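Have a look at upload.cif below; it lists mmCIF, C-alpha atoms.
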```cif
data_input
loop_
_atom_site.group_PDB
_atom_site.id
_atom_site.type_symbol
_atom_site.label_atom_id
_atom_site.label_comp_id
_atom_site.auth_asym_id
_atom_site.auth_seq_id
_atom_site.Cartn_x
_atom_site.Cartn_y
_atom_site.Cartn_z
ATOM 1 C CA MET A 7 -55.799 184.668 17.443
ATOM 2 C CA GLY A 8 -57.179 187.857 18.982
ATOM 3 C CA LEU A 9 -57.275 191.370 17.634
ATOM 4 C CA LYS A 10 -53.738 192.678 17.069
ATOM 5 C CA LEU A 11 -53.346 196.252 18.334
ATOM 6 C CA GLY A 12 -50.742 198.477 16.729
ATOM 7 C CA ILE A 13 -49.655 201.889 17.970
ATOM 8 C CA ALA A 14 -48.286 204.525 15.586
ATOM 9 C CA LEU A 15 -46.171 207.074 17.466
ATOM 10 C CA GLY A 16 -46.010 210.403 15.681
ATOM 11 C CA GLY A 17 -42.985 212.611 15.161
ATOM 12 C CA GLY A 18 -42.673 216.292 15.959
ATOM 13 C CA GLY A 19 -39.387 216.895 17.719
ATOM 14 C CA VAL A 20 -39.709 217.439 21.434
ATOM 15 C CA ARG A 21 -43.514 217.311 21.108
ATOM 16 C CA GLY A 22 -43.017 213.619 20.399
ATOM 17 C CA LEU A 23 -42.304 213.134 24.102
ATOM 18 C CA ALA A 24 -46.086 213.184 24.478
ATOM 19 C CA ASN A 25 -45.875 209.609 23.161
ATOM 20 C CA ILE A 26 -44.326 208.619 26.496
ATOM 21 C CA GLY A 27 -47.300 209.927 28.450
ATOM 22 C CA ALA A 28 -49.728 208.293 26.040
ATOM 23 C CA ILE A 29 -48.088 204.885 26.459
ATOM 24 C CA ARG A 30 -48.074 205.309 30.246
ATOM 25 C CA ALA A 31 -51.818 205.955 30.201
ATOM 26 C CA LEU A 32 -52.344 202.864 28.051
ATOM 27 C CA SER A 33 -50.238 200.777 30.423
ATOM 28 C CA ASP A 34 -52.185 202.077 33.425
ATOM 29 C CA ALA A 35 -55.361 200.976 31.643
ATOM 30 C CA GLY A 36 -53.918 197.502 31.077
ATOM 31 C CA ILE A 37 -53.461 197.988 27.321
ATOM 32 C CA ILE A 38 -50.139 196.911 25.819
ATOM 33 C CA PRO A 39 -49.782 197.186 22.027
ATOM 34 C CA ASP A 40 -48.870 194.088 20.048
ATOM 35 C CA VAL A 41 -46.839 196.015 17.451
ATOM 36 C CA ILE A 42 -45.171 199.424 17.602
ATOM 37 C CA ALA A 43 -44.291 201.892 14.847
ATOM 38 C CA GLY A 44 -42.682 205.305 15.156
ATOM 39 C CA THR A 45 -41.495 208.317 13.217
ATOM 40 C CA SER A 46 -38.650 210.588 14.363
ATOM 41 C CA MET A 47 -39.076 211.176 18.130
ATOM 42 C CA GLY A 48 -41.832 208.572 17.982
ATOM 43 C CA ALA A 49 -39.246 206.135 16.625
ATOM 44 C CA ILE A 50 -36.895 206.906 19.515
ATOM 45 C CA VAL A 51 -39.606 206.339 22.117
ATOM 46 C CA GLY A 52 -40.998 203.339 20.244
ATOM 47 C CA ALA A 53 -37.658 201.563 19.888
ATOM 48 C CA MET A 54 -36.901 201.872 23.583
ATOM 49 C CA PHE A 55 -40.354 200.713 24.617
ATOM 50 C CA ALA A 56 -40.346 197.810 22.139
ATOM 51 C CA ASP A 57 -37.037 196.702 23.631
ATOM 52 C CA THR A 58 -38.042 196.803 27.308
ATOM 53 C CA LEU A 59 -41.854 197.203 27.555
ATOM 54 C CA ASP A 60 -40.937 199.483 30.469
ATOM 55 C CA ILE A 61 -42.335 202.937 29.750
ATOM 56 C CA ALA A 62 -41.304 204.318 33.141
ATOM 57 C CA GLY A 63 -37.722 203.314 32.448
ATOM 58 C CA THR A 64 -37.945 204.738 28.930
ATOM 59 C CA GLN A 65 -39.124 208.061 30.334
ATOM 60 C CA GLU A 66 -36.378 208.160 32.940
ATOM 61 C CA ILE A 67 -33.608 207.553 30.415
ATOM 62 C CA ILE A 68 -34.837 209.963 27.734
ATOM 63 C CA CYS A 69 -35.707 212.765 30.128
ATOM 64 C CA GLY A 70 -32.481 212.264 32.028
ATOM 65 C CA THR A 71 -30.511 212.663 28.808
ATOM 66 C CA LEU A 72 -32.411 215.721 27.574
ATOM 67 C CA SER A 73 -32.190 217.389 30.986
ATOM 68 C CA SER A 74 -28.505 216.693 31.517
ATOM 69 C CA GLU A 75 -25.941 219.461 31.604
ATOM 70 C CA GLU A 76 -23.961 217.641 28.892
ATOM 71 C CA PHE A 77 -26.918 217.834 26.506
ATOM 72 C CA ARG A 78 -27.461 221.495 27.366
ATOM 73 C CA LYS A 79 -23.809 222.258 26.664
ATOM 74 C CA LYS A 80 -24.025 220.550 23.275
ATOM 75 C CA ALA A 81 -27.117 222.565 22.475
ATOM 76 C CA ARG A 82 -25.359 225.814 23.356
ATOM 77 C CA ARG A 83 -22.277 224.914 21.314
ATOM 78 C CA LEU A 84 -24.377 224.063 18.292
ATOM 79 C CA SER A 85 -26.288 227.329 18.405
ATOM 80 C CA THR A 86 -25.181 230.074 16.029
ATOM 81 C CA SER A 87 -26.980 232.942 17.681
ATOM 82 C CA SER A 88 -26.667 234.650 21.059
ATOM 83 C CA ASP A 89 -30.423 234.591 21.648
ATOM 84 C CA SER A 90 -30.608 231.975 24.379
ATOM 85 C CA GLU A 91 -34.388 232.066 24.534
ATOM 86 C CA LYS A 92 -34.698 230.276 21.188
ATOM 87 C CA GLY A 93 -34.244 226.551 20.671
ATOM 88 C CA PHE A 94 -30.882 225.827 19.086
ATOM 89 C CA PHE A 95 -32.415 224.338 15.924
ATOM 90 C CA ASP A 96 -34.553 227.441 15.496
ATOM 91 C CA GLN A 97 -31.463 229.590 15.932
ATOM 92 C CA ILE A 98 -29.791 227.717 13.087
ATOM 93 C CA TYR A 99 -32.807 228.270 10.851
ATOM 94 C CA GLY A 100 -32.710 231.957 11.704
ATOM 95 C CA THR A 101 -29.031 232.446 11.010
ATOM 96 C CA ALA A 102 -29.288 230.461 7.774
ATOM 97 C CA LYS A 103 -31.066 233.512 6.375
ATOM 98 C CA LYS A 104 -28.190 235.887 7.062
ATOM 99 C CA GLY A 105 -25.010 236.501 5.097
ATOM 100 C CA TYR A 106 -22.311 233.913 5.719
ATOM 101 C CA PHE A 107 -24.668 231.442 7.336
ATOM 102 C CA PHE A 108 -26.932 231.580 4.298
ATOM 103 C CA TYR A 109 -24.055 230.273 2.175
ATOM 104 C CA ARG A 110 -23.176 227.675 4.822
ATOM 105 C CA PHE A 111 -26.759 226.490 4.695
ATOM 106 C CA LEU A 112 -26.611 226.166 0.910
ATOM 107 C CA PHE A 113 -23.271 224.405 0.528
ATOM 108 C CA MET A 114 -22.972 222.183 3.619
ATOM 109 C CA LYS A 115 -24.668 218.775 3.732
ATOM 110 C CA SER A 116 -25.925 219.522 7.225
ATOM 111 C CA MET A 117 -25.855 222.306 9.799
ATOM 112 C CA ILE A 118 -25.175 219.925 12.679
ATOM 113 C CA PRO A 119 -22.273 217.435 12.703
ATOM 114 C CA PRO A 120 -23.777 213.938 12.913
ATOM 115 C CA GLU A 121 -21.520 212.943 15.799
ATOM 116 C CA ALA A 122 -22.887 215.789 17.910
ATOM 117 C CA PHE A 123 -26.426 214.438 17.668
ATOM 118 C CA PHE A 124 -26.181 210.719 17.034
ATOM 119 C CA THR A 125 -23.548 210.051 19.688
ATOM 120 C CA GLY A 126 -25.979 211.168 22.371
ATOM 121 C CA MET A 127 -28.675 208.986 20.857
ATOM 122 C CA ASP A 128 -26.431 205.938 20.988
ATOM 123 C CA GLY A 129 -26.586 206.086 24.768
ATOM 124 C CA PHE A 130 -30.197 204.962 24.891
ATOM 125 C CA ILE A 131 -31.243 203.521 21.512
ATOM 126 C CA PRO A 132 -30.737 199.732 21.756
ATOM 127 C CA ASP A 133 -27.777 198.441 19.754
ATOM 128 C CA LYS A 134 -29.754 195.430 18.601
ATOM 129 C CA ASP A 135 -31.291 193.816 15.568
ATOM 130 C CA PHE A 136 -35.028 194.337 15.105
ATOM 131 C CA SER A 137 -35.547 190.605 15.674
ATOM 132 C CA GLU A 138 -34.193 190.928 19.225
ATOM 133 C CA LEU A 139 -36.846 193.375 20.438
ATOM 134 C CA ARG A 140 -39.667 192.225 22.695
ATOM 135 C CA ARG A 141 -42.340 193.626 20.400
ATOM 136 C CA PRO A 142 -42.368 193.900 16.598
ATOM 137 C CA PHE A 143 -41.182 197.414 15.764
ATOM 138 C CA ALA A 144 -40.747 199.501 12.621
ATOM 139 C CA CYS A 145 -39.947 203.112 11.872
ATOM 140 C CA MET A 146 -40.649 205.398 8.955
ATOM 141 C CA ALA A 147 -37.949 207.147 6.922
ATOM 142 C CA LEU A 148 -37.758 208.909 3.565
ATOM 143 C CA ASP A 149 -35.242 207.640 0.995
ATOM 144 C CA ILE A 150 -34.045 210.691 -0.932
ATOM 145 C CA VAL A 151 -32.343 208.448 -3.524
ATOM 146 C CA SER A 152 -35.457 206.588 -4.665
ATOM 147 C CA GLY A 153 -37.851 209.366 -3.677
ATOM 148 C CA TYR A 154 -40.063 206.964 -1.731
ATOM 149 C CA PRO A 155 -40.874 206.570 1.967
ATOM 150 C CA GLU A 156 -39.691 203.310 3.462
ATOM 151 C CA ILE A 157 -40.663 201.228 6.463
ATOM 152 C CA LEU A 158 -37.469 200.164 8.237
ATOM 153 C CA ARG A 159 -37.950 196.896 10.120
ATOM 154 C CA SER A 160 -34.779 194.814 9.767
ATOM 155 C CA GLY A 161 -31.102 195.136 10.557
ATOM 156 C CA SER A 162 -29.766 197.636 13.085
ATOM 157 C CA VAL A 163 -32.431 199.304 15.235
ATOM 158 C CA ARG A 164 -30.068 202.127 16.155
ATOM 159 C CA GLN A 165 -29.234 202.948 12.545
ATOM 160 C CA ALA A 166 -32.890 202.828 11.512
ATOM 161 C CA VAL A 167 -33.924 205.192 14.304
ATOM 162 C CA GLN A 168 -31.135 207.574 13.334
ATOM 163 C CA ALA A 169 -32.463 207.534 9.774
ATOM 164 C CA SER A 170 -36.012 208.201 10.948
ATOM 165 C CA SER A 171 -34.798 211.154 13.031
ATOM 166 C CA SER A 172 -32.408 212.848 10.586
ATOM 167 C CA VAL A 173 -34.043 216.234 9.983
ATOM 168 C CA PRO A 174 -33.311 217.371 6.401
ATOM 169 C CA GLY A 175 -30.768 220.185 6.290
ATOM 170 C CA MET A 176 -30.081 220.005 9.993
ATOM 171 C CA LEU A 177 -28.558 216.518 9.956
ATOM 172 C CA PRO A 178 -27.003 214.572 7.083
ATOM 173 C CA PRO A 179 -28.897 211.713 5.453
ATOM 174 C CA VAL A 180 -28.201 208.315 7.004
ATOM 175 C CA GLN A 181 -26.878 205.823 4.492
ATOM 176 C CA ILE A 182 -28.082 202.233 4.708
ATOM 177 C CA GLY A 183 -27.011 200.160 1.727
ATOM 178 C CA ALA A 184 -27.624 202.169 -1.440
ATOM 179 C CA SER A 185 -30.295 204.311 0.219
ATOM 180 C CA ARG A 186 -29.908 207.646 1.987
ATOM 181 C CA TYR A 187 -32.598 208.372 4.522
ATOM 182 C CA VAL A 188 -33.958 211.491 6.196
ATOM 183 C CA ASP A 189 -36.629 212.108 8.833
ATOM 184 C CA GLY A 190 -39.763 210.052 8.205
ATOM 185 C CA GLY A 191 -41.928 213.004 9.183
ATOM 186 C CA TRP A 192 -41.443 214.353 5.660
ATOM 187 C CA ALA A 193 -43.369 211.295 4.421
ATOM 188 C CA GLU A 194 -45.649 210.088 7.224
ATOM 189 C CA ARG A 195 -45.648 211.844 10.590
ATOM 190 C CA VAL A 196 -47.941 209.241 12.148
ATOM 191 C CA PRO A 197 -46.708 205.925 10.714
ATOM 192 C CA VAL A 198 -50.040 204.165 10.324
ATOM 193 C CA SER A 199 -48.840 202.244 7.274
ATOM 194 C CA ALA A 200 -45.876 200.861 9.231
ATOM 195 C CA ALA A 201 -48.167 199.540 11.966
ATOM 196 C CA ARG A 202 -50.379 197.923 9.315
ATOM 197 C CA PHE A 203 -47.299 196.409 7.684
ATOM 198 C CA LEU A 204 -46.418 194.782 11.006
ATOM 199 C CA GLY A 205 -49.815 193.080 10.994
ATOM 200 C CA ALA A 206 -51.938 195.381 13.149
ATOM 201 C CA ASP A 207 -55.683 194.826 12.810
ATOM 202 C CA PHE A 208 -56.444 198.007 14.728
ATOM 203 C CA VAL A 209 -54.128 201.030 14.620
ATOM 204 C CA LEU A 210 -54.030 203.643 17.357
ATOM 205 C CA GLY A 211 -52.308 206.811 16.175
ATOM 206 C CA ILE A 212 -50.694 209.486 18.353
ATOM 207 C CA ASP A 213 -50.551 212.771 16.449
ATOM 208 C CA VAL A 214 -48.305 215.445 17.976
ATOM 209 C CA SER A 215 -48.153 217.680 14.914
ATOM 210 C CA ARG A 216 -47.638 221.387 15.373
ATOM 211 C CA GLU A 217 -50.719 223.402 14.552
ATOM 212 C CA ILE A 218 -50.456 225.575 11.440
ATOM 213 C CA ALA A 219 -51.987 228.867 12.545
ATOM 214 C CA PRO A 220 -52.859 231.687 10.123
ATOM 215 C CA LEU A 221 -50.251 234.433 9.937
ATOM 216 C CA GLU A 222 -51.068 237.497 11.980
ATOM 217 C CA SER A 223 -49.363 239.924 9.610
ATOM 218 C CA GLU A 224 -47.416 240.089 6.375
ATOM 219 C CA GLU A 225 -44.334 240.980 8.407
ATOM 220 C CA GLN A 226 -43.967 237.293 9.291
ATOM 221 C CA ILE A 227 -43.033 236.585 5.666
ATOM 222 C CA LYS A 228 -39.987 238.758 5.004
ATOM 223 C CA ASN A 229 -37.974 236.817 2.429
ATOM 224 C CA SER A 230 -37.830 233.746 0.203
ATOM 225 C CA MET A 231 -36.623 231.500 3.043
ATOM 226 C CA ASP A 232 -39.705 232.413 5.097
ATOM 227 C CA VAL A 233 -41.893 231.511 2.114
ATOM 228 C CA LEU A 234 -40.052 228.216 1.647
ATOM 229 C CA PHE A 235 -40.366 227.120 5.286
ATOM 230 C CA ARG A 236 -44.003 228.230 5.519
ATOM 231 C CA ALA A 237 -44.999 226.366 2.342
ATOM 232 C CA ASP A 238 -43.160 223.246 3.537
ATOM 233 C CA ASP A 239 -44.958 223.333 6.902
ATOM 234 C CA ILE A 240 -48.349 223.697 5.229
ATOM 235 C CA ALA A 241 -47.724 220.931 2.688
ATOM 236 C CA ARG A 242 -46.608 218.449 5.344
ATOM 237 C CA ALA A 243 -49.555 219.343 7.589
ATOM 238 C CA LEU A 244 -52.010 218.723 4.757
ATOM 239 C CA MET A 245 -50.402 215.401 3.905
ATOM 240 C CA ASN A 246 -50.463 214.368 7.560
ATOM 241 C CA THR A 247 -54.179 215.175 7.785
ATOM 242 C CA LEU A 248 -54.861 212.807 4.898
ATOM 243 C CA ARG A 249 -52.568 209.987 6.055
ATOM 244 C CA VAL A 250 -53.700 209.946 9.673
ATOM 245 C CA ARG A 251 -57.277 209.260 8.571
ATOM 246 C CA GLU A 252 -56.156 205.717 7.799
ATOM 247 C CA ALA A 253 -55.835 204.982 11.530
ATOM 248 C CA ASP A 254 -58.724 203.349 13.399
ATOM 249 C CA PHE A 255 -58.408 205.665 16.386
ATOM 250 C CA VAL A 256 -56.345 208.831 16.822
ATOM 251 C CA VAL A 257 -55.362 210.736 19.960
ATOM 252 C CA TYR A 258 -54.223 214.360 19.733
ATOM 253 C CA PRO A 259 -52.214 215.495 22.788
ATOM 254 C CA GLU A 260 -52.568 219.230 23.372
ATOM 255 C CA VAL A 261 -49.029 220.312 22.560
ATOM 256 C CA GLY A 262 -50.184 223.436 20.714
ATOM 257 C CA ASP A 263 -47.623 225.149 18.514
ATOM 258 C CA ALA A 264 -44.634 224.271 20.686
ATOM 259 C CA LYS A 265 -41.366 224.509 18.750
ATOM 260 C CA TRP A 266 -39.906 221.104 18.086
ATOM 261 C CA SER A 267 -36.595 222.061 19.689
ATOM 262 C CA ASP A 268 -38.012 223.576 22.890
ATOM 263 C CA PHE A 269 -36.542 221.342 25.592
ATOM 264 C CA ASP A 270 -37.625 223.544 28.500
ATOM 265 C CA ASN A 271 -41.046 221.933 29.026
ATOM 266 C CA ILE A 272 -40.311 218.227 28.772
ATOM 267 C CA ASP A 273 -42.587 217.215 31.642
ATOM 268 C CA GLU A 274 -45.505 219.196 30.223
ATOM 269 C CA TYR A 275 -45.347 217.415 26.868
ATOM 270 C CA ILE A 276 -45.363 214.035 28.599
ATOM 271 C CA SER A 277 -48.264 215.106 30.828
ATOM 272 C CA ALA A 278 -50.201 216.301 27.766
ATOM 273 C CA GLY A 279 -49.817 212.858 26.229
ATOM 274 C CA TYR A 280 -50.988 211.171 29.412
ATOM 275 C CA ARG A 281 -54.029 213.412 29.777
ATOM 276 C CA ALA A 282 -55.080 212.935 26.169
ATOM 277 C CA MET A 283 -54.772 209.164 26.243
ATOM 278 C CA ALA A 284 -56.314 208.734 29.693
ATOM 279 C CA GLY A 285 -59.317 210.720 28.542
ATOM 280 C CA ALA A 286 -59.594 208.633 25.382
ATOM 281 C CA VAL A 287 -59.253 205.190 27.020
ATOM 282 C CA PRO A 288 -63.014 204.559 27.536
ATOM 283 C CA ALA A 289 -63.773 205.356 23.884
ATOM 284 C CA LEU A 290 -60.743 203.341 22.769
ATOM 285 C CA LYS A 291 -61.828 200.266 24.733
ATOM 286 C CA LYS A 292 -65.302 200.552 23.220
ATOM 287 C CA ALA A 293 -63.851 200.818 19.711
ATOM 288 C CA LEU A 294 -61.683 197.758 20.352
ATOM 289 C CA ARG A 295 -64.689 195.760 21.611
ATOM 290 C CA VAL A 296 -66.722 196.692 18.546
ATOM 291 C CA ARG A 297 -63.867 195.675 16.236
ATOM 292 C CA ARG A 298 -63.472 192.336 18.021
ATOM 293 C CA ILE A 299 -67.205 191.605 17.716
ATOM 294 C CA LYS A 300 -67.187 192.507 14.028
ATOM 295 C CA GLY A 301 -64.178 190.245 13.544
ATOM 296 C CA LEU A 302 -65.916 187.310 15.191
ATOM 297 C CA LEU A 303 -69.079 187.822 13.140
ATOM 298 C CA TRP A 304 -67.066 188.035 9.935
ATOM 299 C CA LYS A 305 -65.188 184.838 10.853
ATOM 300 C CA ARG A 306 -68.435 182.961 11.510
ATOM 301 C CA ARG A 307 -69.891 184.104 8.204
ATOM 302 C CA SER A 308 -66.782 182.977 6.393
ATOM 303 C CA ILE A 309 -66.945 179.520 8.000
ATOM 304 C CA SER A 310 -70.641 179.063 7.229
#
```
Would it be possible to restate this file's structure as structure tokens?
Amino acid sequence: MGLKLGIALGGGGVRGLANIGAIRALSDAGIIPDVIAGTSMGAIVGAMFADTLDIAGTQEIICGTLSSEEFRKKARRLSTSSDSEKGFFDQIYGTAKKGYFFYRFLFMKSMIPPEAFFTGMDGFIPDKDFSELRRPFACMALDIVSGYPEILRSGSVRQAVQASSSVPGMLPPVQIGASRYVDGGWAERVPVSAARFLGADFVLGIDVSREIAPLESEEQIKNSMDVLFRADDIARALMNTLRVREADFVVYPEVGDAKWSDFDNIDEYISAGYRAMAGAVPALKKALRVRRIKGLLWKRRSIS
């Protein structure tokens, strides 16, 4: 058996669309992963690609959905602020700090009705069992009952992807059996461990994390909610830095500090993923060759 290549598609909201461009660049270079893992948006892209191995078709369906007038209308209805220049998730975060919405944020299980988000997802996430996909696939989620991250790789693909994409506070936890899952990005943004679990000998990670820039002034921290969100962002960024080191090769698309709910630059995120991966392909192929040679030498030593 040859070297088994696994790809770990990182989460980061709309920035995760860079995974599409990265896979396209790999396909153009003649590289098709043997196993696929994803977190959040990476799980959405990964599930579709694992089902069809058609990244062009995956891009067409996802972008068509996100660009549709129906999706835009849902986004506007879900917003709780009149500032149309903000992403609707960011608007919800903002209004959660004010009066009535603050109490809504505290006492509701989620700010967004699950049917408003998951129904749209059902249109393109395959309604299949994991065993029916063309490539082994897994996604990362966080079980808030047990307190442990979990690699979802059996049962309903659609339900698992929903669990991996359920942003805490914004969407309700997804119940599967006795477990209640939220977005895997709170445990492992780039699901290297899931790719390893699927048997990958070499893991290629795609990290689309938002950069944590220093604050420009104290005015950016005005209340306890600002402190809470800032500390959470920093903690998850630090954890991601440590976890992603476990990959054999990592590509970082230049998505900057784009807000995860900014759907106005879809094509740019995909292009950023393509550019990053296309530029990394020569080094990736070299790293794969070296790993294959080392594997053969190790095998010969073991036999002798």
Next item on the list: Mind checking which residues fall within 12 Å of A:Ala289, counting only C-alpha atoms, ignoring those fewer than 3 positions away in the same chain, and posting them as a list of chain:residue names?
Entry: A:Leu210, A:Asp254, A:Phe255, A:Val256, A:Val257, A:Ala282, A:Met283, A:Ala284, A:Gly285, A:Ala286, A:Lys292, A:Ala293, A:Leu294, A:Arg295, A:Val296
Next item on the list: Quote the spacing between atom CA of A:Pro142 and atom CA of A:Asp213 in Å to one decimal place.
Entry: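 Computing it gives 20.6 Å between the two atoms.
The list of residues with at least one atom within 7 Å of A:Gly279, based on all atoms listed in the file and without residues fewer than 2 positions apart in the same chain, reads Ala24, Asn25, Ile26, Gly27, Ala28, Pro259, Tyr275, Ile276, Ser277, Arg281, Ala282 and Met283 of chain A.
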File of the preceding selection, C-alpha atoms, as a compact mmCIF listing (two decimals), in the frame of the given file:
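Writing the result to again-v6.txt gives the following:
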```
# COMPACT_ATOMS: atom_id res chain seq x y z
CA ALA A 24 -46.09 213.18 24.48
CA ASN A 25 -45.88 209.61 23.16
CA ILE A 26 -44.33 208.62 26.50
CA GLY A 27 -47.30 209.93 28.45
CA ALA A 28 -49.73 208.29 26.04
CA PRO A 259 -52.21 215.50 22.79
CA TYR A 275 -45.35 217.42 26.87
CA ILE A 276 -45.36 214.04 28.60
CA SER A 277 -48.26 215.11 30.83
CA ARG A 281 -54.03 213.41 29.78
CA ALA A 282 -55.08 212.94 26.17
CA MET A 283 -54.77 209.16 26.24
```
Note to self: What's the separation between atom CA of A:Ile299 and atom CA of A:Arg251, in Å to one decimal place?
What the structure shows: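 So the answer is 22.2 Å.
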Check: If you measure from atom CA of A:Ser33 to atom CA of A:Gly161, what distance in Å do you get, rounded to one decimal?
Finding: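 Result for atom CA of A:Ser33 versus atom CA of A:Gly161: 28.2 Å, one decimal.
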Where's the centre, and what are the edge lengths in Å to one decimal, of a box along x, y and z enclosing all listed atoms of stretch 43-48 of chain A padded 8 Å per side, as lines of an AutoDock Vina configuration file?
```
center_x = -41.5
center_y = 206.5
center_z = 15.7
size_x = 21.6
size_y = 25.3
size_z = 20.9
```
Check: For A:Met146, which of A:Val188, A:Val20, A:Val41, A:Ala206 is the closest residue, counting all atoms listed in the file?
Finding: A:Val188
Notebook entry, point to check: Using all atoms listed in the file, which of the listed residues (A:Arg216, A:Ala49, A:Glu66, A:Gly205) sits closest to A:Gln165?
Noted result: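 Smallest separation from A:Gln165 among the options: A:Ala49.
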Notebook entry, point to check: Which of these, A:Ala184, A:Ile61, A:Cys145, A:Ala166, has the shortest distance to A:Val198 once you count only C-alpha atoms?
Noted result: A:Cys145
Margin query: Which residue is closest to A:Tyr258? Choose from A:Pro178, A:Gly8, A:Gly211, A:Gly18 and count only C-alpha atoms.
Written below: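 Nearest to A:Tyr258: A:Gly211.
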